[in-house]
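Undergrad: File follows, data06.txt with compact mmCIF, C-alpha atoms:
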```txt
# COMPACT_ATOMS: atom_id res chain seq x y z
CA MET A 422 33.72 196.15 -100.48
CA LYS A 423 33.09 192.49 -99.80
CA ILE A 424 36.76 191.57 -100.33
CA PHE A 425 37.86 193.83 -97.47
CA LYS A 426 35.27 192.31 -95.15
CA GLU A 427 36.41 188.79 -96.06
CA PHE A 428 40.04 189.80 -95.54
CA LYS A 429 39.18 191.33 -92.16
CA ASP A 430 37.36 188.13 -91.15
CA PHE A 431 40.35 186.05 -92.28
CA ILE A 432 42.87 188.16 -90.36
CA SER A 433 40.80 188.35 -87.19
CA ARG A 434 40.49 184.56 -86.93
CA GLY A 435 42.42 183.21 -83.96
CA ASN A 436 44.60 180.82 -85.96
CA VAL A 437 46.11 183.55 -88.14
CA MET A 438 46.93 185.73 -85.16
CA GLN A 439 48.45 182.78 -83.29
CA LEU A 440 50.54 181.93 -86.36
CA ALA A 441 51.79 185.52 -86.61
CA VAL A 442 52.76 185.56 -82.95
CA GLY A 443 54.48 182.18 -83.37
CA VAL A 444 56.51 183.42 -86.35
CA ILE A 445 57.61 186.56 -84.51
CA ILE A 446 58.59 184.63 -81.37
CA GLY A 447 60.31 182.02 -83.55
CA GLY A 448 62.40 184.72 -85.21
CA ALA A 449 63.44 186.16 -81.86
CA PHE A 450 64.15 182.68 -80.56
CA SER A 451 66.28 181.93 -83.62
CA ALA A 452 68.31 185.07 -82.93
CA ILE A 453 68.95 183.89 -79.36
CA ILE A 454 70.06 180.45 -80.54
CA GLY A 455 72.22 182.04 -83.26
CA ALA A 456 73.96 184.20 -80.67
CA LEU A 457 74.47 181.16 -78.44
CA VAL A 458 76.03 179.17 -81.26
CA ASN A 459 78.11 181.96 -82.82
CA HIS A 460 79.38 183.63 -79.66
CA ILE A 461 79.57 180.83 -77.10
CA LEU A 462 79.77 177.42 -78.78
CA MET A 463 81.87 178.37 -81.81
CA PRO A 464 84.67 179.93 -79.73
CA VAL A 465 84.76 176.75 -77.63
CA ILE A 466 84.89 174.67 -80.81
CA GLY A 467 87.61 177.02 -82.04
CA LEU A 468 89.72 175.96 -79.06
CA ALA A 469 89.34 172.32 -80.07
CA VAL A 470 89.63 172.88 -83.83
CA ASP A 471 92.51 175.12 -84.89
CA GLY A 472 90.92 178.15 -86.55
CA GLY A 473 87.35 177.12 -85.73
CA LEU A 474 84.80 175.92 -88.24
CA ASP A 475 85.62 178.85 -90.55
CA SER A 476 88.73 176.98 -91.58
CA PHE A 477 86.76 173.96 -92.80
CA TYR A 478 86.47 174.49 -96.54
CA THR A 479 87.67 172.95 -99.76
CA ILE A 480 89.22 175.17 -102.43
CA LEU A 481 87.89 174.28 -105.87
CA PRO A 482 90.17 174.04 -108.93
CA ASN A 483 88.58 177.05 -110.67
CA SER A 484 90.05 179.42 -108.05
CA VAL A 485 92.47 181.92 -109.60
CA LEU A 486 95.81 182.55 -107.90
CA ALA A 487 96.86 186.17 -107.56
CA ASP A 488 99.96 187.32 -109.44
CA VAL A 489 100.94 189.65 -106.60
CA GLN A 490 101.58 187.80 -103.36
CA ASP A 491 101.95 190.84 -101.11
CA GLY A 492 98.37 190.79 -99.78
CA THR A 493 97.15 193.95 -101.52
CA VAL A 494 94.99 191.98 -103.94
CA GLY A 495 92.81 188.94 -103.43
CA VAL A 496 91.87 186.61 -100.62
CA LEU A 497 94.26 184.68 -98.42
CA ALA A 498 93.34 181.02 -98.06
CA ILE A 499 94.43 178.61 -95.34
CA ASP A 500 96.87 177.02 -97.78
CA GLY A 501 98.89 180.28 -97.64
CA ASN A 502 98.11 181.35 -101.20
CA TRP A 503 96.46 184.56 -102.31
CA TYR A 504 93.53 184.16 -104.70
CA LEU A 505 91.93 186.72 -106.98
CA SER A 506 88.77 184.64 -106.95
CA LEU A 507 88.32 181.94 -104.42
CA SER A 508 85.74 179.24 -105.09
CA LYS A 509 85.24 177.01 -102.12
CA ILE A 510 82.88 174.54 -100.51
CA ASP A 511 82.32 175.87 -97.00
CA TRP A 512 81.94 172.78 -94.78
CA GLY A 513 82.19 174.87 -91.61
CA LEU A 514 79.11 176.89 -92.57
CA LEU A 515 77.13 173.66 -93.03
CA ILE A 516 78.29 172.31 -89.66
CA ASN A 517 77.35 175.62 -88.04
CA ALA A 518 73.83 175.43 -89.57
CA VAL A 519 73.43 171.84 -88.36
CA ILE A 520 74.44 172.86 -84.83
CA ASN A 521 71.92 175.73 -84.95
CA PHE A 522 69.18 173.37 -86.12
CA LEU A 523 69.93 170.76 -83.46
CA LEU A 524 69.93 173.35 -80.68
CA ILE A 525 66.65 174.88 -81.85
CA ALA A 526 65.08 171.42 -82.16
CA LEU A 527 66.33 170.45 -78.68
CA VAL A 528 64.94 173.58 -77.03
CA LEU A 529 61.61 173.28 -78.87
CA PHE A 530 61.39 169.63 -77.81
CA ALA A 531 61.96 170.66 -74.19
CA VAL A 532 59.34 173.42 -74.40
CA ILE A 533 56.76 171.07 -75.93
CA LYS A 534 57.46 168.41 -73.28
CA ILE A 535 57.03 171.01 -70.51
CA PHE A 536 53.74 172.26 -71.95
CA ALA A 537 52.50 168.68 -72.43
CA SER A 538 53.26 167.83 -68.80
CA ILE A 539 51.53 171.03 -67.64
CA GLN A 540 48.50 170.12 -69.77
CA LYS A 541 48.48 166.59 -68.34
CA VAL A 542 48.50 167.92 -64.77
CA LYS A 543 45.77 170.41 -65.66
CA ASP A 544 43.59 167.68 -67.22
CA ALA A 545 44.09 165.43 -64.19
CA ALA A 546 43.11 168.24 -61.83
CA LEU A 547 40.01 169.04 -63.87
CA ALA A 548 39.07 165.37 -64.01
CA LYS A 549 39.44 165.11 -60.25
CA ILE A 550 37.25 168.15 -59.78
CA HIS A 551 34.58 166.72 -62.06
CA HIS A 552 34.88 163.18 -60.57
CA LYS A 553 36.01 161.72 -63.89
CA ASP A 554 39.18 160.27 -62.44
CA GLY A 555 37.84 156.72 -62.37
CA GLU A 556 35.64 157.31 -59.36
CA VAL A 557 32.01 156.43 -59.79
CA GLU A 558 29.70 159.20 -58.82
CA PRO A 559 27.04 158.10 -56.40
CA THR A 560 23.75 157.70 -58.23
CA PRO A 561 20.99 159.70 -56.65
CA GLU A 562 18.12 157.69 -55.19
CA PRO A 563 15.09 157.77 -57.44
CA GLU A 564 12.28 159.90 -56.16
CA PRO A 565 9.25 157.90 -55.07
CA GLU A 566 6.38 158.06 -57.53
CA PRO A 567 3.64 160.32 -56.34
CA GLU A 568 0.38 158.63 -55.40
CA PRO A 569 -2.18 158.75 -58.18
CA ALA A 570 -5.18 161.00 -57.86
CA PRO A 571 -8.31 159.40 -56.35
CA ASP A 572 -10.24 159.48 -59.62
CA VAL A 573 -7.37 157.64 -61.37
CA VAL A 574 -7.43 155.00 -58.62
CA LEU A 575 -11.20 154.60 -59.05
CA LEU A 576 -10.95 154.26 -62.84
CA THR A 577 -8.14 151.71 -62.47
CA GLU A 578 -10.31 149.62 -60.11
CA ILE A 579 -13.23 149.77 -62.55
CA ARG A 580 -10.98 148.67 -65.40
CA ASP A 581 -9.63 145.77 -63.36
CA LEU A 582 -13.17 144.64 -62.43
CA LEU A 583 -14.27 144.74 -66.05
CA LYS A 584 -11.26 142.63 -67.08
CA LYS A 585 -12.07 140.17 -64.33
CA ASP A 586 -15.69 139.76 -65.45
CA LYS A 587 -14.76 138.98 -69.02
```
When written as structure tokens, how does the structure in this file appear?
TA:
Amino acid sequence: MKIFKEFKDFISRGNVMQLAVGVIIGGAFSAIIGALVNHILMPVIGLAVDGGLDSFYTILPNSVLADVQDGTVGVLAIDGNWYLSLSKIDWGLLINAVINFLLIALVLFAVIKIFASIQKVKDAALAKIHHKDGEVEPTPEPEPEPEPAPDVVLLTEIRDLLKKDK
């Protein structure tokens, strides 16, 4: 079962596990941002915009007006008409998605900046520990060469005398 072994090796690699954790945390983070936008920001925007962003839509001409205007059939639009089928372009939904995106991007930017500054401080501390922070490490004094053995000294003298005689 070579395929199972290869699959196990693929799954147990660090990158795949980190990606899985990132996706799960990203989903939970998206839920937090969605709650922030839908339950805190949108009500505040609703105070400024009459009806909130849900009222930002354009009714398309293929919408069908209801024959009965008593509210038992169809959908009530902001123009006061009842529609059997309401085709609309929902601008408020788009604005809501853009706000969600901008908030998520802003928070992720802040998190990345924080981690980058922590990493920078960590690298500086490690460099200081290892004397790589621009300081020159003192070079150790070279050890004196040991004196040659007496037979080496004798052979060197003989060699020098032979060179001199030539």
Undergrad: Distance atom CA of Asp475 of chain A-atom CA of Ala518 of chain A, one decimal place?
TA: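 Distance reported for this atom pair: 12.3 Å.
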Undergrad: For a test of reading the model, state the distance in Å between atom CA of Ala469 of chain A and atom CA of Ile525 of chain A, rounded to one decimal.
TA: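 Atom CA of Ile525 of chain A lies 22.9 Å from atom CA of Ala469 of chain A.
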Undergrad: If I take atom CA of Leu457 of chain A and atom CA of Ile520 of chain A, how far is one from the other in Å, to one decimal?
TA: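 Answer for the atom CA of Leu457 of chain A to atom CA of Ile520 of chain A separation: 10.5 Å.
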Undergrad: So which one's closest to Leu505 of chain A, A:Ala441, A:Leu486, A:Leu523, A:Ile539? Using only C-alpha atoms, please.
TA: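 When distances to Leu505 of chain A are compared using only C-alpha atoms, the smallest one comes from A:Leu486.
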Undergrad: Every residue with an atom at most 9 Å from (88.1, 172.5, -99.8) (file coordinates; all atoms listed in the file) is what I'm after, so could you write them as a ChimeraX atom specification?
TA: /A:477-481,508-512
